[in-house]
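Trainee: Take a look at entry.cif, mmCIF, C-alpha atoms:
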```
data_coords
loop_
_atom_site.label_atom_id
_atom_site.label_comp_id
_atom_site.auth_asym_id
_atom_site.auth_seq_id
_atom_site.Cartn_x
_atom_site.Cartn_y
_atom_site.Cartn_z
CA MET A 1 8.62 35.57 10.35
CA HIS A 2 7.95 32.47 8.30
CA LEU A 3 4.91 30.45 9.34
CA CYS A 4 6.82 27.27 10.02
CA MET A 5 8.82 29.08 12.69
CA ILE A 6 5.78 29.75 14.82
CA MET A 7 3.60 26.72 14.02
CA PRO A 8 4.56 23.15 14.84
CA PRO A 9 4.46 20.95 11.72
CA ALA A 10 1.14 19.11 11.48
CA LEU A 11 1.29 15.37 12.01
CA PHE A 12 0.90 13.46 8.77
CA ASP A 13 -2.46 11.80 8.34
CA ALA A 14 -3.02 9.74 5.19
CA ARG A 15 -6.77 10.41 5.13
CA GLU A 16 -6.23 14.19 5.30
CA ALA A 17 -3.29 14.14 2.88
CA SER A 18 -5.37 12.21 0.34
CA LYS A 19 -7.65 15.22 -0.01
CA TRP A 20 -4.92 17.04 -1.93
CA PHE A 21 -2.49 14.24 -2.91
CA PHE A 22 -4.58 12.85 -5.74
CA ARG A 23 -5.57 16.13 -7.38
CA HIS A 24 -2.53 16.44 -9.66
CA GLY A 25 -0.16 14.42 -11.77
CA HIS A 26 0.11 10.67 -12.21
CA THR A 27 -2.03 9.68 -9.21
CA ALA A 28 -4.83 12.04 -10.35
CA TRP A 29 -4.65 10.56 -13.84
CA LEU A 30 -5.00 7.07 -12.31
CA GLY A 31 -7.90 8.27 -10.13
CA LEU A 32 -6.42 6.89 -6.88
CA ARG A 33 -8.63 7.11 -3.80
CA PHE A 34 -8.02 6.75 -0.08
CA THR A 35 -9.85 3.85 1.56
CA ASP A 36 -8.34 3.01 4.95
CA GLN A 37 -5.38 3.48 7.27
CA GLY A 38 -3.81 2.22 10.50
CA GLU A 39 -0.84 3.05 12.71
CA ASN A 40 1.73 2.08 10.09
CA TRP A 41 -0.32 1.15 7.02
CA VAL A 42 -2.38 2.77 4.30
CA GLU A 43 -4.86 1.32 1.84
CA LEU A 44 -5.64 3.05 -1.46
CA GLU A 45 -7.98 2.11 -4.30
CA LEU A 46 -7.35 2.10 -8.02
CA PRO A 47 -10.80 2.22 -9.68
CA TRP A 48 -11.26 0.11 -12.80
CA ARG A 49 -11.16 2.12 -16.02
CA ALA A 50 -11.18 0.99 -19.66
CA ASP A 51 -8.07 2.95 -20.61
CA LEU A 52 -6.03 1.31 -17.82
CA VAL A 53 -6.63 -2.20 -19.11
CA GLY A 54 -3.60 -4.35 -19.92
CA ASP A 55 -5.32 -7.06 -21.92
CA SER A 56 -8.26 -5.98 -24.07
CA GLN A 57 -9.64 -9.53 -24.25
CA SER A 58 -9.83 -10.10 -20.51
CA GLY A 59 -10.62 -6.51 -19.43
CA VAL A 60 -8.20 -6.85 -16.52
CA LEU A 61 -6.32 -3.81 -15.19
CA ALA A 62 -2.72 -3.59 -16.44
CA SER A 63 0.05 -4.28 -13.98
CA GLY A 64 1.66 -0.85 -14.51
CA PRO A 65 -1.10 1.05 -12.68
CA ILE A 66 -0.97 -1.56 -9.90
CA ILE A 67 2.74 -0.79 -9.41
CA SER A 68 1.86 2.93 -9.22
CA LEU A 69 -0.86 2.13 -6.67
CA MET A 70 1.56 0.11 -4.52
CA ASP A 71 4.35 2.70 -4.86
CA MET A 72 2.00 5.47 -3.69
CA ALA A 73 0.55 3.37 -0.85
CA SER A 74 4.15 2.54 0.18
CA GLY A 75 5.20 6.18 0.41
CA MET A 76 2.06 7.09 2.35
CA ALA A 77 2.55 4.13 4.72
CA ILE A 78 6.05 5.44 5.50
CA TRP A 79 4.69 8.94 6.23
CA GLN A 80 1.86 7.41 8.23
CA ALA A 81 4.30 5.34 10.32
CA SER A 82 6.59 8.32 10.97
CA ARG A 83 3.72 10.85 11.18
CA THR A 84 5.88 13.20 9.12
CA PHE A 85 5.88 14.12 5.44
CA ASN A 86 9.60 13.76 4.73
CA PRO A 87 10.31 13.20 1.04
CA VAL A 88 11.26 9.62 0.17
CA ALA A 89 12.57 8.02 -3.02
CA THR A 90 11.83 4.47 -4.12
CA LEU A 91 15.04 2.44 -4.20
CA ASP A 92 13.68 -1.01 -4.96
CA LEU A 93 10.15 -2.28 -5.49
CA ARG A 94 9.23 -5.90 -6.15
CA VAL A 95 5.78 -7.10 -7.17
CA ASP A 96 4.85 -10.80 -7.22
CA TYR A 97 1.66 -11.37 -9.17
CA GLN A 98 -0.49 -14.13 -7.64
CA ARG A 99 -3.36 -14.02 -10.14
CA PRO A 100 -5.05 -11.53 -12.49
CA ALA A 101 -7.56 -9.13 -10.95
CA ARG A 102 -11.18 -9.96 -11.76
CA GLU A 103 -12.62 -8.47 -14.94
CA GLY A 104 -13.85 -4.93 -14.33
CA ALA A 105 -12.69 -5.02 -10.71
CA SER A 106 -11.05 -2.14 -8.86
CA VAL A 107 -7.83 -3.02 -7.06
CA ARG A 108 -6.92 -1.99 -3.54
CA GLY A 109 -3.34 -1.70 -2.35
CA ARG A 110 -2.64 -2.13 1.36
CA VAL A 111 0.95 -1.47 2.40
CA GLU A 112 2.59 -1.38 5.83
CA CYS A 113 5.88 0.22 6.77
CA TYR A 114 7.33 -2.44 9.08
CA ARG A 115 10.77 -0.90 9.70
CA ARG A 116 12.36 2.53 9.54
CA THR A 117 16.01 3.43 10.00
CA ARG A 118 17.60 6.89 9.79
CA SER A 119 17.98 6.71 6.01
CA ALA A 120 15.81 3.79 4.82
CA ALA A 121 12.23 2.56 5.18
CA PHE A 122 11.03 -0.98 4.48
CA VAL A 123 7.53 -1.78 3.28
CA ARG A 124 5.44 -4.82 2.39
CA GLY A 125 1.89 -5.21 1.29
CA ILE A 126 -0.76 -6.79 -0.86
CA ALA A 127 -3.00 -5.79 -3.74
CA HIS A 128 -6.48 -7.31 -3.67
CA ASP A 129 -9.76 -6.97 -5.53
CA GLY A 130 -12.20 -7.37 -2.67
CA ASP A 131 -10.87 -10.12 -0.42
CA PRO A 132 -7.58 -9.29 1.37
CA GLY A 133 -7.26 -13.02 2.07
CA ASP A 134 -6.97 -13.74 -1.65
CA PRO A 135 -4.44 -11.16 -2.93
CA VAL A 136 -3.81 -10.25 -6.55
CA ALA A 137 -0.18 -9.44 -5.73
CA HIS A 138 2.37 -9.22 -2.94
CA VAL A 139 4.85 -6.34 -2.83
CA ALA A 140 8.06 -5.58 -0.99
CA GLY A 141 10.03 -2.36 -1.23
CA VAL A 142 12.83 -0.22 0.17
CA PHE A 143 12.72 3.56 0.18
CA MET A 144 15.42 6.12 0.98
CA THR A 145 14.69 9.28 2.92
CA ILE A 146 15.76 12.27 0.85
CA GLY A 147 16.00 14.70 3.77
CA ALA A 148 19.03 13.03 5.39
CA ASP A 149 21.37 13.45 2.45
CA PRO A 150 24.68 11.66 3.17
CA ARG A 151 26.37 13.60 0.36
CA LYS A 152 26.40 16.72 2.51
CA ASP A 153 28.77 14.96 4.90
CA ASN A 154 30.77 13.07 2.31
CA PRO A 155 31.89 14.90 -0.87
CA ALA A 156 33.36 11.69 -2.31
CA LEU A 157 29.92 10.13 -2.24
CA ALA A 158 28.48 13.16 -4.02
CA ARG A 159 30.83 12.61 -6.95
CA ALA A 160 30.05 8.91 -7.07
CA MET A 161 26.33 9.56 -7.09
CA GLY A 162 26.38 12.36 -9.67
CA ASN A 163 23.87 15.16 -9.37
CA GLY A 164 20.75 12.93 -9.23
CA MET B 1 9.25 -6.04 -36.55
CA ALA B 2 8.68 -3.55 -33.78
CA GLU B 3 5.92 -1.77 -35.72
CA THR B 4 3.57 -4.72 -35.53
CA ILE B 5 3.39 -4.63 -31.73
CA LEU B 6 0.03 -3.52 -30.39
CA PHE B 7 0.22 -1.74 -27.04
CA PRO B 8 -2.38 -2.35 -24.34
CA ALA B 9 -4.84 0.47 -23.61
CA TYR B 10 -2.87 1.48 -20.52
CA ALA B 11 0.38 2.03 -22.45
CA ARG B 12 -1.35 4.06 -25.17
CA SER B 13 -3.23 6.06 -22.56
CA LEU B 14 -0.02 6.87 -20.65
CA GLY B 15 1.47 8.14 -23.93
CA ILE B 16 4.10 5.46 -24.60
CA THR B 17 5.26 5.25 -28.22
CA ILE B 18 7.82 3.27 -30.22
CA VAL B 19 10.51 5.68 -31.38
CA GLY B 20 13.13 3.34 -32.82
CA GLU B 21 14.84 0.01 -32.69
CA GLU B 22 18.04 -1.15 -31.04
CA ALA B 23 19.57 -4.63 -31.27
CA GLY B 24 16.33 -5.78 -32.91
CA MET B 25 14.25 -4.64 -29.94
CA PRO B 26 11.73 -1.77 -29.92
CA LEU B 27 12.89 1.46 -28.29
CA LEU B 28 10.05 3.01 -26.29
CA SER B 29 9.56 6.56 -25.10
CA VAL B 30 7.13 8.62 -23.05
CA ASP B 31 7.15 12.41 -22.89
CA PHE B 32 7.01 14.23 -19.59
CA GLY B 33 3.58 15.60 -18.69
CA PRO B 34 0.85 15.64 -16.01
CA ASN B 35 0.07 11.95 -16.72
CA VAL B 36 3.45 10.81 -15.41
CA GLU B 37 4.28 13.51 -12.86
CA GLY B 38 4.91 12.55 -9.23
CA ARG B 39 6.57 15.16 -7.07
CA PRO B 40 6.71 18.47 -8.97
CA ALA B 41 8.75 18.29 -12.22
CA HIS B 42 9.70 14.64 -11.69
CA PHE B 43 8.47 11.29 -13.00
CA HIS B 44 6.32 9.26 -10.63
CA GLY B 45 8.03 5.95 -9.82
CA GLY B 46 4.92 4.12 -10.93
CA ALA B 47 4.95 5.78 -14.34
CA THR B 48 8.61 4.84 -14.79
CA ALA B 49 7.73 1.27 -13.84
CA GLY B 50 4.90 1.32 -16.38
CA LEU B 51 7.33 2.36 -19.12
CA LEU B 52 9.83 -0.34 -18.08
CA GLU B 53 7.17 -3.02 -18.01
CA THR B 54 5.73 -2.03 -21.38
CA ALA B 55 9.24 -2.13 -22.89
CA GLY B 56 9.76 -5.58 -21.36
CA TYR B 57 6.58 -6.95 -22.94
CA ALA B 58 7.38 -5.25 -26.27
CA ALA B 59 10.80 -6.96 -26.30
CA LEU B 60 9.26 -10.33 -25.47
CA HIS B 61 6.55 -9.94 -28.13
CA THR B 62 9.27 -9.12 -30.67
CA ALA B 63 11.35 -12.18 -29.72
CA LEU B 64 8.31 -14.49 -29.75
CA LEU B 65 7.19 -13.16 -33.12
CA ALA B 66 10.66 -13.84 -34.53
CA ALA B 67 10.45 -17.39 -33.16
CA GLY B 68 7.00 -17.91 -34.68
CA ARG B 69 5.37 -18.29 -31.28
CA ASP B 70 2.20 -16.63 -29.99
CA PRO B 71 1.60 -17.77 -26.41
CA GLN B 72 -0.57 -16.08 -23.81
CA LEU B 73 1.63 -14.07 -21.41
CA LYS B 74 1.13 -13.96 -17.65
CA PRO B 75 3.24 -11.78 -15.36
CA ILE B 76 5.03 -13.66 -12.56
CA ASN B 77 6.94 -10.78 -11.04
CA ILE B 78 8.81 -7.55 -11.63
CA THR B 79 11.61 -5.98 -9.59
CA VAL B 80 12.31 -2.32 -10.27
CA GLN B 81 15.52 -0.59 -9.20
CA TYR B 82 15.36 3.19 -9.10
CA LEU B 83 18.77 4.72 -9.82
CA ALA B 84 18.15 8.42 -10.35
CA ALA B 85 15.21 10.82 -10.31
CA GLY B 86 13.31 11.06 -13.60
CA LYS B 87 13.40 14.73 -14.59
CA SER B 88 10.85 16.73 -16.61
CA GLN B 89 11.96 15.46 -20.02
CA ALA B 90 11.31 12.41 -22.21
CA SER B 91 12.23 8.97 -20.88
CA PHE B 92 13.32 6.01 -23.00
CA ALA B 93 13.31 2.28 -22.32
CA LEU B 94 14.69 -0.80 -24.01
CA GLY B 95 14.11 -4.43 -23.08
CA ARG B 96 16.51 -7.32 -23.55
CA ILE B 97 15.65 -11.02 -23.38
CA THR B 98 18.01 -12.64 -20.89
CA ARG B 99 16.46 -16.05 -21.36
CA LEU B 100 13.61 -17.26 -23.54
CA GLY B 101 12.54 -20.66 -22.32
CA ARG B 102 9.58 -22.81 -23.25
CA ARG B 103 7.41 -21.75 -20.31
CA ASN B 104 9.24 -18.80 -18.79
CA ALA B 105 10.98 -15.70 -20.08
CA ASN B 106 13.42 -13.57 -18.11
CA VAL B 107 13.56 -10.00 -19.41
CA SER B 108 15.84 -7.11 -18.36
CA VAL B 109 14.82 -3.54 -19.05
CA GLU B 110 16.68 -0.25 -18.77
CA ALA B 111 15.26 3.29 -18.76
CA TRP B 112 17.16 6.52 -19.27
CA GLN B 113 16.66 10.16 -20.24
CA ASP B 114 19.15 12.45 -22.00
CA ASP B 115 22.22 10.38 -21.09
CA ARG B 116 22.09 6.79 -22.34
CA THR B 117 24.98 5.82 -20.03
CA ARG B 118 23.14 7.01 -16.94
CA PRO B 119 20.00 4.89 -16.48
CA ILE B 120 17.24 6.22 -14.20
CA ALA B 121 15.77 2.77 -13.53
CA THR B 122 16.14 -0.89 -14.40
CA ALA B 123 13.77 -3.82 -14.10
CA VAL B 124 13.90 -7.60 -14.20
CA MET B 125 10.70 -9.41 -15.17
CA ASN B 126 9.71 -13.05 -15.14
CA ILE B 127 6.87 -13.80 -17.53
CA LEU B 128 5.00 -17.08 -17.84
CA MET B 129 4.03 -18.28 -21.31
CA VAL B 130 1.06 -20.62 -21.68
#
```
Taking this structure as input, can you express it in the form of structure tokens?

Mentor:
Amino acid sequence: MHLCMIMPPALFDAREASKWFFRHGHTAWLGLRFTDQGENWVELELPWRADLVGDSQSGVLASGPIISLMDMASGMAIWQASRTFNPVATLDLRVDYQRPAREGASVRGRVECYRRTRSAAFVRGIAHDGDPGDPVAHVAGVFMTIGADPRKDNPALARAMGNG
Amino acid sequence: MAETILFPAYARSLGITIVGEEAGMPLLSVDFGPNVEGRPAHFHGGATAGLLETAGYAALHTALLAAGRDPQLKPINITVQYLAAGKSQASFALGRITRLGRRNANVSVEAWQDDRTRPIATAVMNILMV
């Protein structure tokens, strides 16, 4: 008997998940860390590092890693809100930069999942470098749940979407 | 000339390189590896965004250089559309200047893998020039 048949799936908890989420791959390379969570939001930290700088003169973190930070915090906010670790795919992510992060400053990304439907999840959040009241950036995103695949019910859609 | 573009530390560290030129704009690439991996054997959305953004700036630098301009660039925003999963193979990206104004540039970027006609992600960036 497979384990999942006798054990109820554990409720997703961002703090617990962070213990193994950031050990591998892109998020490990960035050095992401868990900082805080709520009912439907998660905050992660991107520590400052010289090789993540976007402008060598100013010493400010590049915007690429900040997008990664917000993308990861978005996914975790969705799992936190639903309490389940269902795979999601980013459909659309928008970042509005308010100001550069301070020189040598780590950046924190706090994202909330404010709405979930059967196949989509909507998120919004801020990136800040110490004061959440003075954000570095605002983000808004839409994610699709991968589990509920509409192609299984609609072969025409499968052809239109290719094998991705 | 694409070769004169100097990447920021982040882009070099992620492993982004210039592999060619298309329509006068630098063609960028990043190999698949642990640095860019999200869920197993797939690109992390953030790494794909990093490639798109770097290609956007590389295109703008190229256009500004051709126009004899050297302003300081400040990001206003970026919107990334994810179209297909990035698989465990090299990704490519090419930026195109939609409008080069005096104070603002609007740049479109496309990223793909083995099939140029099937992009994995696109981005639109607004960049302030001061």

Trainee: Work out how far apart atom CA of B:Gly101 and atom CA of A:Ala101 are and give it in Å to one decimal.

Mentor: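 So the two atoms, atom CA of B:Gly101 and atom CA of A:Ala101, lie 25.8 Å apart.
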
Trainee: Hey, which bits of chain B sit within 6 Å of chain A, and for each residue what's the closest pair of atoms and how far apart in Å (one decimal), counting all atoms listed in the file, rows by chain and increasing number, as a tab-separated table?

Mentor:
```
residue	atom	partner	partner_atom	distance
B:Pro8	CA	A:Gly54	CA	5.0
B:Ala9	CA	A:Asp51	CA	5.1
B:Tyr10	CA	A:Leu52	CA	4.2
B:Pro34	CA	A:Gly25	CA	4.5
B:Asn35	CA	A:His26	CA	4.7
B:Val36	CA	A:His26	CA	4.6
B:Glu37	CA	A:Gly25	CA	4.7
B:Gly38	CA	A:His26	CA	6.0
B:Gly46	CA	A:Ser68	CA	3.7
B:Gly50	CA	A:Gly64	CA	4.3
B:Ile76	CA	A:Tyr97	CA	5.3
B:Asn77	CA	A:Asp96	CA	4.4
B:Ile78	CA	A:Val95	CA	5.4
B:Thr79	CA	A:Arg94	CA	4.2
B:Val80	CA	A:Leu93	CA	5.2
B:Gln81	CA	A:Asp92	CA	4.6
B:Tyr82	CA	A:Leu91	CA	5.0
B:Ala84	CA	A:Gly164	CA	5.3
```

Trainee: Could those selected residues go to a file with C-alpha atoms, as a compact mmCIF listing (two decimals), in the coordinates of the input?

Mentor:
```
# COMPACT_ATOMS: atom_id res chain seq x y z
CA PRO B 8 -2.38 -2.35 -24.34
CA ALA B 9 -4.84 0.47 -23.61
CA TYR B 10 -2.87 1.48 -20.52
CA PRO B 34 0.85 15.64 -16.01
CA ASN B 35 0.07 11.95 -16.72
CA VAL B 36 3.45 10.81 -15.41
CA GLU B 37 4.28 13.51 -12.86
CA GLY B 38 4.91 12.55 -9.23
CA GLY B 46 4.92 4.12 -10.93
CA GLY B 50 4.90 1.32 -16.38
CA ILE B 76 5.03 -13.66 -12.56
CA ASN B 77 6.94 -10.78 -11.04
CA ILE B 78 8.81 -7.55 -11.63
CA THR B 79 11.61 -5.98 -9.59
CA VAL B 80 12.31 -2.32 -10.27
CA GLN B 81 15.52 -0.59 -9.20
CA TYR B 82 15.36 3.19 -9.10
CA ALA B 84 18.15 8.42 -10.35
```

Trainee: To one decimal in Å, tell me the separation between atom CA of A:Asp36 and atom CA of A:Ala81.

Mentor: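 Spanning atom CA of A:Asp36 to atom CA of A:Ala81 is a straight-line distance of 13.9 Å.
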
Trainee: Evaluate the PyMOL selection byres ((chain A and resi 88) around 10) on the structure here and hand back the selected residues as a ChimeraX atom specification.

Mentor: /A:75-76,78-79,85-87,89-91,119-121,142-148

Trainee: What's the 12 Å shell around stretch 59-73 of chain B, counting all atoms listed in the file, without same-chain residues fewer than 3 positions away, as a ChimeraX atom specification?

Mentor: /A:54-55,57-58,100 /B:1-7,18,21-28,52-56,76,93-110,125-130

Trainee: Between atom CA of A:His128 and atom CA of A:Glu43, what is the distance in Å, rounded to a tenth?

Mentor: 10.4 Å

Trainee: Near A:Asn40, counting only C-alpha atoms, which residues have an atom at most 12 Å away, once you skip same-chain residues fewer than 2 positions from it, shown as a PyMOL selection string?

Mentor: chain A and resi 12-14+36-38+42-43+73-84+110-116+121-125

Trainee: If you apply the PyMOL selection byres ((chain B and resi 30) around 7) to this file, what residues do you get, as a list of chain:residue names?

Mentor: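 For this structure, the PyMOL selection byres ((chain B and resi 30) around 7) resolves to B:Gly15, B:Ile16, B:Thr17, B:Ser29, B:Asp31, B:Phe32, B:Ala90, B:Ser91, B:Phe92.
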
Trainee: Which polymer residues, protein or nucleic acid, are no farther than 9 Å from (-5.6, 11.0, 0.2), counting all atoms listed in the file, as a PDB file with C-alpha atoms, in the frame of the given file?

Mentor:
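The resulting file, part-v1.pdb, is shown below:
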```pdb
ATOM      1  CA  ASP A  13      -2.460  11.800   8.340  1.00  0.00           C
ATOM      2  CA  ALA A  14      -3.020   9.740   5.190  1.00  0.00           C
ATOM      3  CA  ARG A  15      -6.770  10.410   5.130  1.00  0.00           C
ATOM      4  CA  GLU A  16      -6.230  14.190   5.300  1.00  0.00           C
ATOM      5  CA  ALA A  17      -3.290  14.140   2.880  1.00  0.00           C
ATOM      6  CA  SER A  18      -5.370  12.210   0.340  1.00  0.00           C
ATOM      7  CA  LYS A  19      -7.650  15.220  -0.010  1.00  0.00           C
ATOM      8  CA  TRP A  20      -4.920  17.040  -1.930  1.00  0.00           C
ATOM      9  CA  PHE A  21      -2.490  14.240  -2.910  1.00  0.00           C
ATOM     10  CA  PHE A  22      -4.580  12.850  -5.740  1.00  0.00           C
ATOM     11  CA  LEU A  32      -6.420   6.890  -6.880  1.00  0.00           C
ATOM     12  CA  ARG A  33      -8.630   7.110  -3.800  1.00  0.00           C
ATOM     13  CA  PHE A  34      -8.020   6.750  -0.080  1.00  0.00           C
ATOM     14  CA  THR A  35      -9.850   3.850   1.560  1.00  0.00           C
ATOM     15  CA  LEU A  44      -5.640   3.050  -1.460  1.00  0.00           C
ATOM     16  CA  MET A  76       2.060   7.090   2.350  1.00  0.00           C
TER      17      MET A  76
END
```

Trainee: Run the PyMOL selection byres ((chain A and resi 131) around 12) mentally over the shown coordinates, then write out the matched residues as a PDB file with C-alpha atoms, keeping the file's coordinate frame, using the chain letters and numbers from the document.

Mentor:
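This is the output file part.pdb:
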```pdb
ATOM      1  CA  ALA A 101      -7.560  -9.130 -10.950  1.00  0.00           C
ATOM      2  CA  ARG A 102     -11.180  -9.960 -11.760  1.00  0.00           C
ATOM      3  CA  ALA A 105     -12.690  -5.020 -10.710  1.00  0.00           C
ATOM      4  CA  SER A 106     -11.050  -2.140  -8.860  1.00  0.00           C
ATOM      5  CA  VAL A 107      -7.830  -3.020  -7.060  1.00  0.00           C
ATOM      6  CA  ARG A 108      -6.920  -1.990  -3.540  1.00  0.00           C
ATOM      7  CA  GLY A 109      -3.340  -1.700  -2.350  1.00  0.00           C
ATOM      8  CA  ARG A 110      -2.640  -2.130   1.360  1.00  0.00           C
ATOM      9  CA  ILE A 126      -0.760  -6.790  -0.860  1.00  0.00           C
ATOM     10  CA  ALA A 127      -3.000  -5.790  -3.740  1.00  0.00           C
ATOM     11  CA  HIS A 128      -6.480  -7.310  -3.670  1.00  0.00           C
ATOM     12  CA  ASP A 129      -9.760  -6.970  -5.530  1.00  0.00           C
ATOM     13  CA  GLY A 130     -12.200  -7.370  -2.670  1.00  0.00           C
ATOM     14  CA  PRO A 132      -7.580  -9.290   1.370  1.00  0.00           C
ATOM     15  CA  GLY A 133      -7.260 -13.020   2.070  1.00  0.00           C
ATOM     16  CA  ASP A 134      -6.970 -13.740  -1.650  1.00  0.00           C
ATOM     17  CA  PRO A 135      -4.440 -11.160  -2.930  1.00  0.00           C
ATOM     18  CA  VAL A 136      -3.810 -10.250  -6.550  1.00  0.00           C
ATOM     19  CA  ALA A 137      -0.180  -9.440  -5.730  1.00  0.00           C
TER      20      ALA A 137
END
```
